[in-house]
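Structure first, commentary second.
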Amino acid sequence: TYCPAGRIGDLGVSEILTITARANAMKREGFPVIILGTGEPDFDTPDHIKDAAIEAIRQGQTKYTNLDGSPEMKRAIRDKFRRENGLEFAANEVTAAAGAKQILYNAMMATLDAGDEVIIPTPCWTSYFDIVRIAEGVPVAVPCPGEDGFRLSAAALEAAITPRTRWLLINSPSNPTGSAYSAQDYLPLIEVLHRHPHVWLMVDDMYEHIVYDDFRFVTPLALDPSLKDRCLTVNGVSKAYAMTGWRLGYAGGPAALIAGMAVVQSQSTSCPSSVTQAAAIAALDGPQDVLIPRRASFQKRRDMVVDALNQIDGIFCRRPEGAFYTFASCEGLLGRVTPEGRRIDSDRDFCAWLLESADVAMVPGSAFGLSPYFRISYATSEAELAEALSRIAAACATLR
Ligand code: PLP
């Protein structure tokens with residue numbers, strides 16, 4: 001019989017995947033399920049990106065590339081950081097991998113010894129905890145309540161730091177809350193980091209291009225270049241260019257760390273797909289105006305979801321600055337009873353009941369480390385969203 005290694009322990013596949021699988025099974029049985037669970041844009045990869053990949057195949061770019069990105073890929077990454085973030089990196093200070101997820105994995109594997117701590121503001125993307133655990137580190141969850149916009153405060157950061165802290169890992173805009181850190185939000189955290197030079201900063205900027213209204217995205221290294229020798233800036237093409245299936249993420253950081261990450265990658269995937277690198281180069285180098293109508297469409301849907309949720313008695317939703325998620329509180333519904341006589345005692349109960357009775361799949365906040373909340377991914381058509389929101393409202397109205 002299979003006996004898992006200690007580093008795997010009791011880790012399982014993420015709750016998001018489990019809920020999505022269940023919703024898809026219901027769909028196949030004929031239920032009109034609307035899935036608001038998955039974290040990928042419903043748009044297609046832009047044509048100029050697809051064409052670049054097809055051309056690369058035709059030209060025979062179908063061999064192994066340089067371990068952590070071809071010279072062209074690294075050039076495109078460096079140009080992107082310079083152009084969009086004002087960050088200067090040398091070729092040995094950038095890396096490419098099969099998704100930002102692999103970047104994060106490489107970084108944790110390359111830096112953590114057993115028992116090393118990673119401070120993770122929660123709620124957070126579920127993978128952070130498990131990547132740290134697989135690397136035999138200890139995720140240190142710091143709760144960031146909705147009243148603070150789900151953002152980490154300087155005092156909470158200071159209190160969480162110990163001699164074993166290796167990293168602070170921040171994601172802005174955030175999955176699952178959509179909250180983003182402005183320069184004003186980052187500066188007090190950077191001040192704390194200056195008092196604790198052994199703590200490194202990993203930032204996950206995956207949703208950089210999906211921000212709304214007049215919010216100005218900023219990455220911490222641009223605010224304080226003196227962090228350069230201990231900051232890893234992570235990004236990827238999945239969310240910005242609707243390229244989740246292509247698998248390409250990248251990062252900029254200190255050369256020695258980048259080299260350590262390449263060692264990890266050399267014994268797992270050898271290099272990101274050559275064809276995908278050609279596509280990603282086209283995405284980073286190519287016209288960026290393709291993002292504008294998509295951003296506008298996401299913003300319209302965000303407003304639609306937030307406005308509809310806030311009209312439901314018992315639900316409160318903050319209007320997020322970015323990403324394509326809302327993270328709403330269902331605290332006001334706890335203790336109420338369904339027409340079938342079931343009591344809603346938690347966000348998990350609420351989401352399970354909505355899936356069964358209203359055919360709407362959402363992910364409970366508990367999956368991201370904060371209850372009682374639920375996450376809606378609004379990367380789905382306006383028609384489906386409108387239908388889902390009216391089902392949620394109708395279902396909630398039946399609670400007593
Ligand atoms: N970081 C965050 C915050 C995410 O939400 C995701 C995907 O859901 C990723 C990273 C992973 O992205 P990639 O597709 O590049 O692995």
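Ordering of the structure tokens sets the chain letters (A, B, ...), residue numbers begin anew at 1 in every chain, and ligands are numbered from 1 in the order given.
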Next on the checklist: I'd like to know which residues of region 67-164 of chain A are helix (DSSP H, G or I) (by DSSP, run on the backbone); could you write them as an NGL selection string?
Outcome noted: :A and (71-85 or 91-93 or 100-111 or 127-134 or 146-148 or 154-160)
Give me a file of those residues, with C-alpha atoms, as an mmCIF file, in the first residue's frame.
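Now in again-v1.cif:
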data_model
loop_
_atom_site.group_PDB
_atom_site.id
_atom_site.type_symbol
_atom_site.label_atom_id
_atom_site.label_comp_id
_atom_site.auth_asym_id
_atom_site.auth_seq_id
_atom_site.Cartn_x
_atom_site.Cartn_y
_atom_site.Cartn_z
ATOM 1 C CA PRO A 71 17.788 34.160 -24.064
ATOM 2 C CA GLU A 72 14.839 35.729 -25.943
ATOM 3 C CA MET A 73 12.454 34.829 -23.123
ATOM 4 C CA LYS A 74 14.781 36.383 -20.567
ATOM 5 C CA ARG A 75 15.143 39.480 -22.728
ATOM 6 C CA ALA A 76 11.346 39.813 -22.933
ATOM 7 C CA ILE A 77 11.009 39.391 -19.156
ATOM 8 C CA ARG A 78 13.685 42.008 -18.461
ATOM 9 C CA ASP A 79 12.024 44.408 -20.905
ATOM 10 C CA LYS A 80 8.668 43.848 -19.253
ATOM 11 C CA PHE A 81 10.019 44.586 -15.771
ATOM 12 C CA ARG A 82 11.784 47.718 -17.035
ATOM 13 C CA ARG A 83 8.848 49.009 -19.104
ATOM 14 C CA GLU A 84 5.972 48.284 -16.741
ATOM 15 C CA ASN A 85 7.569 48.310 -13.294
ATOM 16 C CA ALA A 91 19.916 38.227 -17.476
ATOM 17 C CA ASN A 92 21.035 36.097 -14.507
ATOM 18 C CA GLU A 93 18.484 37.804 -12.282
ATOM 19 C CA ALA A 100 4.022 31.190 -11.469
ATOM 20 C CA LYS A 101 3.140 28.192 -9.361
ATOM 21 C CA GLN A 102 6.373 26.474 -10.347
ATOM 22 C CA ILE A 103 8.279 29.711 -9.686
ATOM 23 C CA LEU A 104 6.894 29.793 -6.131
ATOM 24 C CA TYR A 105 7.639 26.098 -5.701
ATOM 25 C CA ASN A 106 11.225 26.476 -6.973
ATOM 26 C CA ALA A 107 11.788 29.441 -4.659
ATOM 27 C CA MET A 108 10.502 27.661 -1.549
ATOM 28 C CA MET A 109 12.414 24.465 -2.342
ATOM 29 C CA ALA A 110 15.570 26.479 -2.924
ATOM 30 C CA THR A 111 15.397 28.463 0.320
ATOM 31 C CA SER A 127 -1.460 26.773 -2.803
ATOM 32 C CA TYR A 128 0.835 28.967 -0.695
ATOM 33 C CA PHE A 129 0.364 26.854 2.409
ATOM 34 C CA ASP A 130 0.876 23.548 0.676
ATOM 35 C CA ILE A 131 3.914 24.650 -1.352
ATOM 36 C CA VAL A 132 5.581 25.770 1.892
ATOM 37 C CA ARG A 133 4.656 22.487 3.563
ATOM 38 C CA ILE A 134 6.012 20.354 0.716
ATOM 39 C CA GLY A 146 -12.205 42.531 6.122
ATOM 40 C CA GLU A 147 -12.266 45.744 8.180
ATOM 41 C CA ASP A 148 -8.624 46.274 7.153
ATOM 42 C CA ALA A 154 2.707 46.693 9.976
ATOM 43 C CA ALA A 155 1.891 45.748 13.581
ATOM 44 C CA ALA A 156 0.638 42.288 12.585
ATOM 45 C CA LEU A 157 3.741 41.730 10.450
ATOM 46 C CA GLU A 158 6.085 42.823 13.239
ATOM 47 C CA ALA A 159 4.350 40.471 15.689
ATOM 48 C CA ALA A 160 4.640 37.486 13.332
#
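If you count only C-alpha atoms and ignore residues fewer than 5 places along the chain from Ala96 (chain A), what sits within 7 Å of it is Asp68, Gly69, Leu248, Gly249, Tyr250, Ala251 and Pro272 of chain A.
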Quick one: write out the picked residues with N, CA and C atoms as a compact mmCIF listing (two decimals), in the first residue's frame?
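Below is the file that was written, selection24.txt:
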# COMPACT_ATOMS: atom_id res chain seq x y z
N ASP A 68 16.22 27.84 -17.52
CA ASP A 68 15.16 28.67 -16.93
C ASP A 68 14.76 29.81 -17.86
N GLY A 69 14.65 29.47 -19.15
CA GLY A 69 14.17 30.43 -20.14
C GLY A 69 15.21 30.69 -21.21
N LEU A 248 3.26 29.41 -18.15
CA LEU A 248 4.49 30.20 -18.14
C LEU A 248 4.41 31.27 -17.06
N GLY A 249 5.33 31.17 -16.11
CA GLY A 249 5.46 32.19 -15.08
C GLY A 249 6.91 32.65 -15.06
N TYR A 250 7.15 33.79 -14.43
CA TYR A 250 8.53 34.31 -14.42
C TYR A 250 8.76 35.12 -13.15
N ALA A 251 10.03 35.44 -12.91
CA ALA A 251 10.36 36.21 -11.71
C ALA A 251 11.68 36.92 -11.91
N PRO A 272 10.80 25.39 -19.30
CA PRO A 272 9.41 25.58 -19.73
C PRO A 272 9.29 25.18 -21.21
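With only C-alpha atoms taken into account, the protein and nucleic acid residues at most 7 Å from Leu67 (chain A) (excluding it and anything under 6 positions from it in its own chain) are Ala262, Ser266, Ser270 and Cys271 of chain A.
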Restrict the selected residues to C-alpha atoms and save them as an mmCIF file, in the first residue's frame.
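Output contents, as saved in result18.cif:
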data_model
loop_
_atom_site.group_PDB
_atom_site.id
_atom_site.type_symbol
_atom_site.label_atom_id
_atom_site.label_comp_id
_atom_site.auth_asym_id
_atom_site.auth_seq_id
_atom_site.Cartn_x
_atom_site.Cartn_y
_atom_site.Cartn_z
ATOM 1 C CA ALA A 262 17.325 26.772 -11.529
ATOM 2 C CA SER A 266 16.767 21.302 -13.571
ATOM 3 C CA SER A 270 14.259 20.878 -17.321
ATOM 4 C CA CYS A 271 12.753 23.977 -18.957
#
Could you give me, as a Markdown table, a per-residue list for chain A showing, wherever an atom lies at most 10 Å from an atom of ligand 1, the closest pair of atoms and their distance in Å to one decimal, using only C-alpha atoms and all ligand atoms and sorting by chain then residue number from low to high?
| residue | atom | partner | partner_atom_place_in_ligand_line | distance |
| --- | --- | --- | --- | --- |
| A:Thr38 | CA | ligand 1 | 8 (O) | 8.3 |
| A:Gly39 | CA | ligand 1 | 8 (O) | 5.4 |
| A:Glu40 | CA | ligand 1 | 8 (O) | 7.1 |
| A:Ala97 | CA | ligand 1 | 15 (O) | 8.6 |
| A:Ala98 | CA | ligand 1 | 16 (O) | 6.9 |
| A:Gly99 | CA | ligand 1 | 15 (O) | 3.5 |
| A:Ala100 | CA | ligand 1 | 15 (O) | 3.6 |
| A:Lys101 | CA | ligand 1 | 16 (O) | 3.8 |
| A:Gln102 | CA | ligand 1 | 16 (O) | 6.4 |
| A:Ile103 | CA | ligand 1 | 16 (O) | 7.9 |
| A:Leu104 | CA | ligand 1 | 10 (C) | 8.1 |
| A:Tyr105 | CA | ligand 1 | 16 (O) | 9.9 |
| A:Cys124 | CA | ligand 1 | 3 (C) | 7.8 |
| A:Trp125 | CA | ligand 1 | 3 (C) | 5.6 |
| A:Thr126 | CA | ligand 1 | 5 (O) | 8.6 |
| A:Ser127 | CA | ligand 1 | 1 (N) | 8.3 |
| A:Tyr128 | CA | ligand 1 | 1 (N) | 8.5 |
| A:Ile170 | CA | ligand 1 | 3 (C) | 9.1 |
| A:Asn171 | CA | ligand 1 | 3 (C) | 6.0 |
| A:Ser172 | CA | ligand 1 | 3 (C) | 7.8 |
| A:Pro173 | CA | ligand 1 | 3 (C) | 7.9 |
| A:Ser174 | CA | ligand 1 | 3 (C) | 6.1 |
| A:Asn175 | CA | ligand 1 | 3 (C) | 5.0 |
| A:Pro176 | CA | ligand 1 | 5 (O) | 7.5 |
| A:Gly178 | CA | ligand 1 | 3 (C) | 9.9 |
| A:Val203 | CA | ligand 1 | 1 (N) | 9.5 |
| A:Asp204 | CA | ligand 1 | 1 (N) | 5.9 |
| A:Asp205 | CA | ligand 1 | 1 (N) | 7.5 |
| A:Met206 | CA | ligand 1 | 1 (N) | 5.5 |
| A:Tyr207 | CA | ligand 1 | 3 (C) | 7.2 |
| A:Val234 | CA | ligand 1 | 10 (C) | 8.5 |
| A:Asn235 | CA | ligand 1 | 15 (O) | 7.2 |
| A:Gly236 | CA | ligand 1 | 15 (O) | 5.0 |
| A:Val237 | CA | ligand 1 | 15 (O) | 6.5 |
| A:Ser238 | CA | ligand 1 | 14 (O) | 4.9 |
| A:Lys239 | CA | ligand 1 | 14 (O) | 7.2 |
| A:Ala240 | CA | ligand 1 | 15 (O) | 9.9 |
| A:Ala242 | CA | ligand 1 | 14 (O) | 9.6 |
| A:Met243 | CA | ligand 1 | 14 (O) | 7.7 |
| A:Thr244 | CA | ligand 1 | 14 (O) | 5.0 |
| A:Gly245 | CA | ligand 1 | 14 (O) | 7.4 |
| A:Trp246 | CA | ligand 1 | 14 (O) | 8.2 |
| A:Arg247 | CA | ligand 1 | 14 (O) | 5.9 |
| A:Leu248 | CA | ligand 1 | 15 (O) | 5.7 |
| A:Gly249 | CA | ligand 1 | 15 (O) | 4.7 |
| A:Tyr250 | CA | ligand 1 | 15 (O) | 8.1 |
| A:Ala323 | CA | ligand 1 | 5 (O) | 8.7 |
| A:Phe324 | CA | ligand 1 | 5 (O) | 9.7 |
| A:Tyr325 | CA | ligand 1 | 5 (O) | 9.9 |
Selected residues written out with N, CA and C atoms, as a CSV table (one decimal), in the first residue's frame:
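Result file follows (out09.csv):
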chain,number,residue,atom,x,y,z
A,38,THR,N,-13.9,28.7,-10.5
A,38,THR,CA,-12.5,28.6,-11.1
A,38,THR,C,-11.9,29.9,-11.3
A,39,GLY,N,-10.5,29.9,-11.2
A,39,GLY,CA,-9.8,31.1,-11.3
A,39,GLY,C,-9.1,31.3,-12.6
A,40,GLU,N,-9.9,31.3,-13.7
A,40,GLU,CA,-9.3,31.6,-14.9
A,40,GLU,C,-10.2,32.4,-15.8
A,97,ALA,N,9.5,29.7,-15.7
A,97,ALA,CA,9.1,28.3,-15.3
A,97,ALA,C,7.7,28.0,-15.9
A,98,ALA,N,7.3,26.7,-15.6
A,98,ALA,CA,6.0,26.3,-16.1
A,98,ALA,C,4.9,26.9,-15.2
A,99,GLY,N,4.7,28.2,-15.2
A,99,GLY,CA,3.7,28.8,-14.4
A,99,GLY,C,4.3,29.5,-13.2
A,100,ALA,N,3.6,30.5,-12.7
A,100,ALA,CA,4.0,31.2,-11.5
A,100,ALA,C,4.0,30.2,-10.3
A,101,LYS,N,3.2,29.2,-10.4
A,101,LYS,CA,3.1,28.2,-9.4
A,101,LYS,C,4.5,27.5,-9.3
A,102,GLN,N,5.1,27.1,-10.4
A,102,GLN,CA,6.4,26.5,-10.3
A,102,GLN,C,7.5,27.4,-9.9
A,103,ILE,N,7.3,28.7,-10.2
A,103,ILE,CA,8.3,29.7,-9.7
A,103,ILE,C,8.3,29.7,-8.2
A,104,LEU,N,7.0,29.8,-7.6
A,104,LEU,CA,6.9,29.8,-6.1
A,104,LEU,C,7.5,28.5,-5.5
A,105,TYR,N,7.2,27.4,-6.2
A,105,TYR,CA,7.6,26.1,-5.7
A,105,TYR,C,9.2,26.1,-5.7
A,124,CYS,N,-5.7,33.7,1.7
A,124,CYS,CA,-4.7,33.7,0.7
A,124,CYS,C,-5.0,32.6,-0.3
A,125,TRP,N,-4.4,32.6,-1.4
A,125,TRP,CA,-4.5,31.5,-2.4
A,125,TRP,C,-4.0,30.2,-1.7
A,126,THR,N,-4.8,29.2,-1.9
A,126,THR,CA,-4.7,27.9,-1.1
A,126,THR,C,-3.3,27.3,-1.3
A,127,SER,N,-2.7,27.5,-2.5
A,127,SER,CA,-1.5,26.8,-2.8
A,127,SER,C,-0.3,27.2,-1.9
A,128,TYR,N,-0.3,28.5,-1.5
A,128,TYR,CA,0.8,29.0,-0.7
A,128,TYR,C,1.2,28.0,0.5
A,170,ILE,N,3.5,38.1,-0.2
A,170,ILE,CA,2.4,39.0,-0.4
A,170,ILE,C,1.8,38.9,-1.8
A,171,ASN,N,0.5,38.9,-1.9
A,171,ASN,CA,-0.1,38.8,-3.2
A,171,ASN,C,-1.1,40.0,-3.4
A,172,SER,N,-0.8,40.8,-4.4
A,172,SER,CA,-1.6,42.0,-4.7
A,172,SER,C,-1.7,42.3,-6.2
A,173,PRO,N,-2.9,42.4,-6.7
A,173,PRO,CA,-4.2,42.1,-6.2
A,173,PRO,C,-4.3,40.7,-5.7
A,174,SER,N,-5.2,40.4,-4.8
A,174,SER,CA,-5.2,39.2,-4.1
A,174,SER,C,-6.3,38.2,-4.7
A,175,ASN,N,-5.9,37.0,-4.8
A,175,ASN,CA,-6.8,35.8,-4.8
A,175,ASN,C,-6.8,35.3,-3.4
A,176,PRO,N,-7.9,35.3,-2.7
A,176,PRO,CA,-9.3,35.4,-3.2
A,176,PRO,C,-10.0,36.7,-3.0
A,178,GLY,N,-9.4,40.1,-4.0
A,178,GLY,CA,-9.4,41.2,-4.9
A,178,GLY,C,-8.7,42.4,-4.3
A,203,VAL,N,6.8,38.7,-3.6
A,203,VAL,CA,5.6,39.3,-4.0
A,203,VAL,C,5.0,38.6,-5.3
A,204,ASP,N,3.7,38.2,-5.2
A,204,ASP,CA,3.1,37.6,-6.3
A,204,ASP,C,2.2,38.6,-7.0
A,205,ASP,N,2.6,39.1,-8.1
A,205,ASP,CA,2.0,40.1,-8.9
A,205,ASP,C,1.1,39.6,-10.0
A,206,MET,N,0.6,38.4,-9.9
A,206,MET,CA,-0.1,37.7,-11.0
A,206,MET,C,-1.2,38.5,-11.6
A,207,TYR,N,-1.9,39.3,-10.7
A,207,TYR,CA,-3.1,40.0,-11.2
A,207,TYR,C,-2.8,41.5,-11.5
A,234,VAL,N,7.4,38.0,-8.5
A,234,VAL,CA,6.8,36.9,-9.3
A,234,VAL,C,5.7,37.4,-10.1
A,235,ASN,N,5.6,36.9,-11.3
A,235,ASN,CA,4.5,37.3,-12.2
A,235,ASN,C,4.3,36.2,-13.2
A,236,GLY,N,3.4,36.4,-14.2
A,236,GLY,CA,3.1,35.3,-15.1
A,236,GLY,C,2.1,35.8,-16.2
A,237,VAL,N,2.0,35.0,-17.2
A,237,VAL,CA,1.1,35.4,-18.3
A,237,VAL,C,-0.3,34.8,-18.2
A,238,SER,N,-0.5,33.9,-17.2
A,238,SER,CA,-1.8,33.2,-17.2
A,238,SER,C,-3.0,34.1,-17.1
A,239,LYS,N,-3.0,35.0,-16.2
A,239,LYS,CA,-4.2,35.8,-15.9
A,239,LYS,C,-4.3,37.0,-16.8
A,240,ALA,N,-3.2,37.7,-17.1
A,240,ALA,CA,-3.2,38.9,-17.9
A,240,ALA,C,-3.7,38.6,-19.3
A,242,ALA,N,-4.9,35.6,-20.5
A,242,ALA,CA,-5.8,34.4,-20.6
A,242,ALA,C,-5.0,33.2,-21.2
A,243,MET,N,-4.0,32.9,-20.5
A,243,MET,CA,-3.0,31.8,-21.0
A,243,MET,C,-2.8,30.7,-19.9
A,244,THR,N,-3.9,30.4,-19.1
A,244,THR,CA,-3.7,29.5,-18.0
A,244,THR,C,-3.2,28.1,-18.4
A,245,GLY,N,-3.6,27.7,-19.6
A,245,GLY,CA,-3.2,26.3,-20.0
A,245,GLY,C,-1.8,26.3,-20.7
A,246,TRP,N,-1.2,27.4,-21.0
A,246,TRP,CA,0.1,27.4,-21.6
A,246,TRP,C,1.2,27.1,-20.7
A,247,ARG,N,1.1,27.6,-19.4
A,247,ARG,CA,2.0,27.4,-18.3
A,247,ARG,C,3.3,28.1,-18.5
A,248,LEU,N,3.3,29.4,-18.1
A,248,LEU,CA,4.5,30.2,-18.1
A,248,LEU,C,4.4,31.3,-17.1
A,249,GLY,N,5.3,31.2,-16.1
A,249,GLY,CA,5.5,32.2,-15.1
A,249,GLY,C,6.9,32.6,-15.1
A,250,TYR,N,7.2,33.8,-14.4
A,250,TYR,CA,8.5,34.3,-14.4
A,250,TYR,C,8.8,35.1,-13.2
A,323,ALA,N,-8.1,41.9,-9.5
A,323,ALA,CA,-8.3,40.5,-9.8
A,323,ALA,C,-9.7,40.2,-10.3
A,324,PHE,N,-10.2,39.0,-10.3
A,324,PHE,CA,-11.6,38.8,-10.8
A,324,PHE,C,-12.4,38.0,-9.7
A,325,TYR,N,-12.2,38.4,-8.5
A,325,TYR,CA,-12.9,37.7,-7.4
A,325,TYR,C,-13.5,38.7,-6.4
Checklist entry - CA of Ala135 (chain A) to CA of Asp113 (chain A): how many Å, to one decimal? => result 7.6 Å
Compile a residue-level contact table for region 164-227 of chain A against region 314-320 of chain A at a cut-off of 8 Å, reporting for every qualifying residue the shortest atom pair and its distance in Å to one decimal, with only C-alpha atoms counted, rows ordered by chain and ascending number, as CSV.
residue,atom,partner,partner_atom,distance
A:Thr177,CA,A:Pro320,CA,6.9
A:Gly178,CA,A:Pro320,CA,4.9
A:Ser179,CA,A:Pro320,CA,5.2
A:Ala180,CA,A:Pro320,CA,7.7
Next on the checklist: When you count only C-alpha atoms, which of these residues is closest to His196 (chain A): A:Ile161, A:Leu227, A:Ala279, A:Met362?
Outcome noted: A:Ile161
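The residue that comes closest to Leu385 (chain A), out of A:Leu187, A:Leu355, A:Leu11, A:Val360 and on the basis of only C-alpha atoms, is A:Val360.
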